[in-house]
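Colleague: Have a look at this one.
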Amino acid sequence: MKLTVSKGVFDGIHIPNSNICVSHLLYADDALFLGEWSKKNIDNLARILRCFYVASGLKVNFTKSKVYGIGAPLQEANNWACRLRCEPASVPFTFLGVPIGANMNRIATWQPVMEKLKSKLSSWKAKTLSFGGRVTLVKAVLGSIPIYFLTIFNAPIGVINLLEKIRRQFIWGGPNCNRNINWVAWGKIIAPKKVGGLDLGSIRSLNLALLTKWLWRLNNEPNALWVKIIKGLHFLNGEEQGICLRSHWNGVWRSIVKCKAILDRIIIPFDEVMKPGIPGQGWVSPFVVNAEFCMALLRERIERADFPVCDGRFPWLKMIPLKVLGFVWRAKQNKIATSEALRNRGIVLESSLCGVCRESEETGDHLLVSCPLAKDIFQSIYNWCNVQVSGLQSVSNMIDFASKWGNCPNKRKTLITILFGTLWCLWRARNDKIFNKAQWQPAKIVSIIQSQTFNWVKYRGEKTKLEWSLWIKNPLNCN
Ligand SMILES: [Zn+2]
């Protein structure tokens, strides 16, 4: 192809302000030929492909190929496509899963992304998963599905809101579940763990970080073809470092450059993200790890700018199952489905008294800390662990106490695991009593807590040598 361009047989697309002429792009088993819209080009392309067949034995399947006449009269495009025995087609079209030539400011263009996300986060899945499981799935799905679009296009705010709505509905029990309650403000679900959030991350921060990476790449990959094309189109000469753009060129690059202004607006000066280093050697940036721009670091920085308030650290220990962590995280904020909380949210109940003792209002802190059953069980657990505890009034108190307890981080982790396991088992026992009319003896609950937390520490915490006989005597002494 290069030869045919240099001999004037095929006219590729000349990029202004550069000596680049793009005639073809190859990716995997896709080939794209680009050229001036002329009859000469069409005829010669047919001849070139014929020569290619004769020389290589590889026949081009014309019926599977398409001709796009961009800016050309439709009838002419159709006629010329017939000449090549290809199908005529027009913009917008999809190439490698990304729309080309579509108006990305229109919500309708984003429909495929929304449909995909919806199908991945369907309501039947929401019903079969715990809160923790739903959070994990939402994280995993976002990591794969819309990322393709978000890597290149700046999503309009309407699209971001719709995508967030799909995720929110899923987290709280699926779109068709009409009784779902958004227990915790979405901002807290999205916020990083460092500030007390659930660390789901927002779609906007993902989009912004992915796009910003292009700005860094523009100045750090001077030899890439796309960089040369962008610089040619926007009059950026080779020496200059910058991201200015020619005002009337609308399109993908313009929306990427906008990121700079957006970052400034959320009080992350662009200088903090990257600044010119040695002339001709690209940008330097604190978000670069092993010579690669680390999108996740920038994303976390954006989330922190959005959620500056710190709500205390929460011990997200790997050895505790996420469903338990998610439950305790919610209980700490009194955002679990107790009778009192449900009544406050307008759900009619026979009574808002504690489902266990029937004496006090059923708040999270009552049920899990000050209810006689909870007190009884926690006392047994403290005795078993041989820890002195008194005067804890709330789940939040308890987390603070456990997070600061003792001098040995390993023992502290074990204690946190046991206390979280106890909160979880109390909640399970309460639900079993209310919904299944089951009666649990305190001793039975304690023994469940002991065996469950043993399994977590031994298998999830990878303490494979842990022995039951020692654990049951004193769990904090077998590290
Ligand atoms: Zn009670």
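Residues are named by chain letter and number: chains run A, B, ... in the order of the structure tokens, numbers start at 1 in each chain, and ligands are numbered from 1 in the order shown.
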Using only C-alpha atoms, which residues sit within 9 Å of range 40-48 of chain A once same-chain residues fewer than 4 positions away are excluded, as a VMD selection string?

Modeller: chain A and resid 1 4 9 to 12 33 35 to 36 52 to 53 80 to 81 83 to 84

Colleague: Which chains and residue numbers are within 9 Å of ligand 1, counting only C-alpha atoms and all ligand atoms, if I want them as a short mmCIF file (atom, residue, chain, number, x, y, z; two decimals) with N, CA and C atoms, in the first residue's frame?

Modeller:
```cif
data_model
loop_
_atom_site.label_atom_id
_atom_site.label_comp_id
_atom_site.auth_asym_id
_atom_site.auth_seq_id
_atom_site.Cartn_x
_atom_site.Cartn_y
_atom_site.Cartn_z
N LEU A 353 -41.01 -2.73 67.91
CA LEU A 353 -40.24 -3.24 69.06
C LEU A 353 -39.23 -4.28 68.60
N CYS A 354 -38.19 -4.43 69.39
CA CYS A 354 -37.12 -5.38 69.09
C CYS A 354 -37.69 -6.79 68.86
N GLY A 355 -37.28 -7.39 67.74
CA GLY A 355 -37.78 -8.72 67.39
C GLY A 355 -37.28 -9.80 68.33
N VAL A 356 -36.29 -9.49 69.14
CA VAL A 356 -35.71 -10.50 70.03
C VAL A 356 -36.28 -10.38 71.44
N CYS A 357 -36.18 -9.16 72.04
CA CYS A 357 -36.60 -9.02 73.44
C CYS A 357 -38.01 -8.42 73.59
N ARG A 358 -38.50 -7.78 72.53
CA ARG A 358 -39.84 -7.16 72.57
C ARG A 358 -39.95 -6.11 73.66
N GLU A 359 -38.84 -5.48 74.00
CA GLU A 359 -38.90 -4.49 75.08
C GLU A 359 -38.60 -3.07 74.63
N SER A 360 -37.64 -2.93 73.72
CA SER A 360 -37.24 -1.59 73.29
C SER A 360 -37.48 -1.43 71.79
N GLU A 361 -37.40 -0.18 71.33
CA GLU A 361 -37.42 0.11 69.90
C GLU A 361 -36.27 -0.66 69.25
N GLU A 362 -36.56 -1.23 68.10
CA GLU A 362 -35.50 -2.01 67.47
C GLU A 362 -34.63 -1.14 66.57
N THR A 363 -33.62 -0.53 67.15
CA THR A 363 -32.61 0.17 66.35
C THR A 363 -31.45 -0.81 66.15
N HIS A 366 -29.46 -1.05 69.36
CA HIS A 366 -30.12 -1.85 70.40
C HIS A 366 -29.95 -3.34 70.10
N LEU A 367 -30.34 -3.70 68.89
CA LEU A 367 -30.37 -5.11 68.52
C LEU A 367 -28.99 -5.75 68.64
N LEU A 368 -27.96 -5.02 68.21
CA LEU A 368 -26.63 -5.62 68.11
C LEU A 368 -25.74 -5.36 69.31
N SER A 370 -27.11 -3.41 72.73
CA SER A 370 -27.68 -3.32 74.08
C SER A 370 -28.86 -4.24 74.37
N CYS A 371 -29.34 -4.97 73.40
CA CYS A 371 -30.40 -5.96 73.65
C CYS A 371 -29.85 -7.03 74.63
N PRO A 372 -30.69 -7.51 75.55
CA PRO A 372 -30.18 -8.51 76.52
C PRO A 372 -29.49 -9.69 75.84
N LEU A 373 -30.05 -10.17 74.73
CA LEU A 373 -29.43 -11.32 74.06
C LEU A 373 -28.03 -10.94 73.55
N ALA A 374 -27.93 -9.74 72.92
CA ALA A 374 -26.64 -9.30 72.39
C ALA A 374 -25.63 -9.17 73.52
#
```

Colleague: Find the distance between CA of Trp186 in chain A and CA of Arg265 in chain A and write it in Å to one decimal.

Modeller: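 So the two atoms, CA of Trp186 in chain A and CA of Arg265 in chain A, lie 21.5 Å apart.
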
Colleague: Range 314-378 of chain A near range 387-390 of chain A within 12 Å: what's each residue's closest atom pair and its distance in Å to one decimal, counting only C-alpha atoms, ordered by chain then ascending residue number, as a Markdown table?

Modeller:
```
| residue | atom | partner | partner_atom | distance |
| --- | --- | --- | --- | --- |
| A:Val369 | CA | A:Ser390 | CA | 11.4 |
| A:Ser370 | CA | A:Ser390 | CA | 11.6 |
| A:Lys375 | CA | A:Ser390 | CA | 10.6 |
| A:Phe378 | CA | A:Val389 | CA | 9.5 |
```

Colleague: Write the residues of the preceding selection, restricted to C-alpha atoms, as a PDB file, in the first residue's frame.

Modeller:
```
ATOM      1  CA  VAL A 369     -25.239  -4.050  71.282  1.00  0.00           C
ATOM      2  CA  SER A 370     -27.677  -3.317  74.081  1.00  0.00           C
ATOM      3  CA  LYS A 375     -25.183  -8.386  75.788  1.00  0.00           C
ATOM      4  CA  PHE A 378     -20.988 -10.556  73.654  1.00  0.00           C
TER       5      PHE A 378
END
```

Colleague: Give me, please, the distance in Å between CA of Leu322 in chain A and CA of Val135 in chain A, quoted to one decimal.

Modeller: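 So the two atoms, CA of Leu322 in chain A and CA of Val135 in chain A, lie 8.7 Å apart.
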
Colleague: What's around Arg313 in chain A at 9 Å? Count only C-alpha atoms, leave out sequence neighbours fewer than 3 positions away in its own chain, and write the answer as a list in words.

Modeller: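 Listed by chain and then number, they are Lys193, Lys194, Val195, Gly196, Gly197, Cys310, Trp316, Asp400 and Ser403 of chain A.
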
Colleague: Any chance you could export the current selection's N, CA and C atoms as a short mmCIF file (atom, residue, chain, number, x, y, z; two decimals), in the first residue's frame?

Modeller:
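Listed below is the output, result31.cif:
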```cif
data_model
loop_
_atom_site.label_atom_id
_atom_site.label_comp_id
_atom_site.auth_asym_id
_atom_site.auth_seq_id
_atom_site.Cartn_x
_atom_site.Cartn_y
_atom_site.Cartn_z
N LYS A 193 -12.56 3.86 50.41
CA LYS A 193 -12.50 3.30 51.76
C LYS A 193 -11.77 4.24 52.72
N LYS A 194 -10.79 4.95 52.20
CA LYS A 194 -10.01 5.86 53.04
C LYS A 194 -10.88 6.89 53.75
N VAL A 195 -11.98 7.26 53.15
CA VAL A 195 -12.86 8.24 53.79
C VAL A 195 -14.14 7.59 54.32
N GLY A 196 -14.09 6.29 54.53
CA GLY A 196 -15.22 5.61 55.16
C GLY A 196 -16.28 5.12 54.19
N GLY A 197 -15.99 5.17 52.88
CA GLY A 197 -16.97 4.72 51.89
C GLY A 197 -16.82 3.25 51.57
N CYS A 310 -14.11 12.71 56.07
CA CYS A 310 -13.70 11.39 56.51
C CYS A 310 -14.61 10.90 57.63
N TRP A 316 -11.54 -3.06 56.61
CA TRP A 316 -11.95 -3.97 55.53
C TRP A 316 -10.96 -5.13 55.49
N ASP A 400 -14.56 1.10 66.87
CA ASP A 400 -13.45 1.93 67.35
C ASP A 400 -12.62 1.19 68.39
N SER A 403 -10.63 -1.59 66.73
CA SER A 403 -9.58 -1.09 65.83
C SER A 403 -8.37 -0.55 66.59
#
```

Colleague: Go ahead and compute the interatomic distance for CA of Gly326 in chain A and CA of Gly132 in chain A, in Å to one decimal.

Modeller: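 Atom-to-atom, CA of Gly326 in chain A to CA of Gly132 in chain A, that is 5.5 Å.
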
Colleague: Which one is closest to Pro99 in chain A: A:Ala191, A:Leu121, A:Cys86, A:Val252? Count only C-alpha atoms.

Modeller: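 Closest candidate: A:Val252.
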
Colleague: Looking at A:Lys413, A:Arg254, A:Arg299, A:Arg430, which one is nearest to Ala337 in chain A, with distances taken over only C-alpha atoms?

Modeller: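 Checking each of A:Lys413, A:Arg254, A:Arg299, A:Arg430 against Ala337 in chain A, counting only C-alpha atoms, the winner is A:Arg430.
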
Colleague: So, counting only C-alpha atoms, which residue among A:Phe149, A:Val273, A:Val60, A:Lys323 is closest to Arg134 in chain A?

Modeller: A:Lys323

Colleague: Which polymer residues have any atom within 12 Å of an atom of Ile472 in chain A, counting only C-alpha atoms, with same-chain residues fewer than 3 positions away left out, as a count of residues only?

Modeller: 22

Colleague: Going by DSSP on the backbone, which residues of range 410-442 of chain A come out as helix (DSSP H, G or I)? List them as a count of residues only.

Modeller: 28

Colleague: Under the rule that only C-alpha atoms are counted, which of A:Gly133, A:Gly282, A:Gly173, A:Pro88 is the nearest residue to Pro321 in chain A?

Modeller: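 Closest candidate: A:Gly133.
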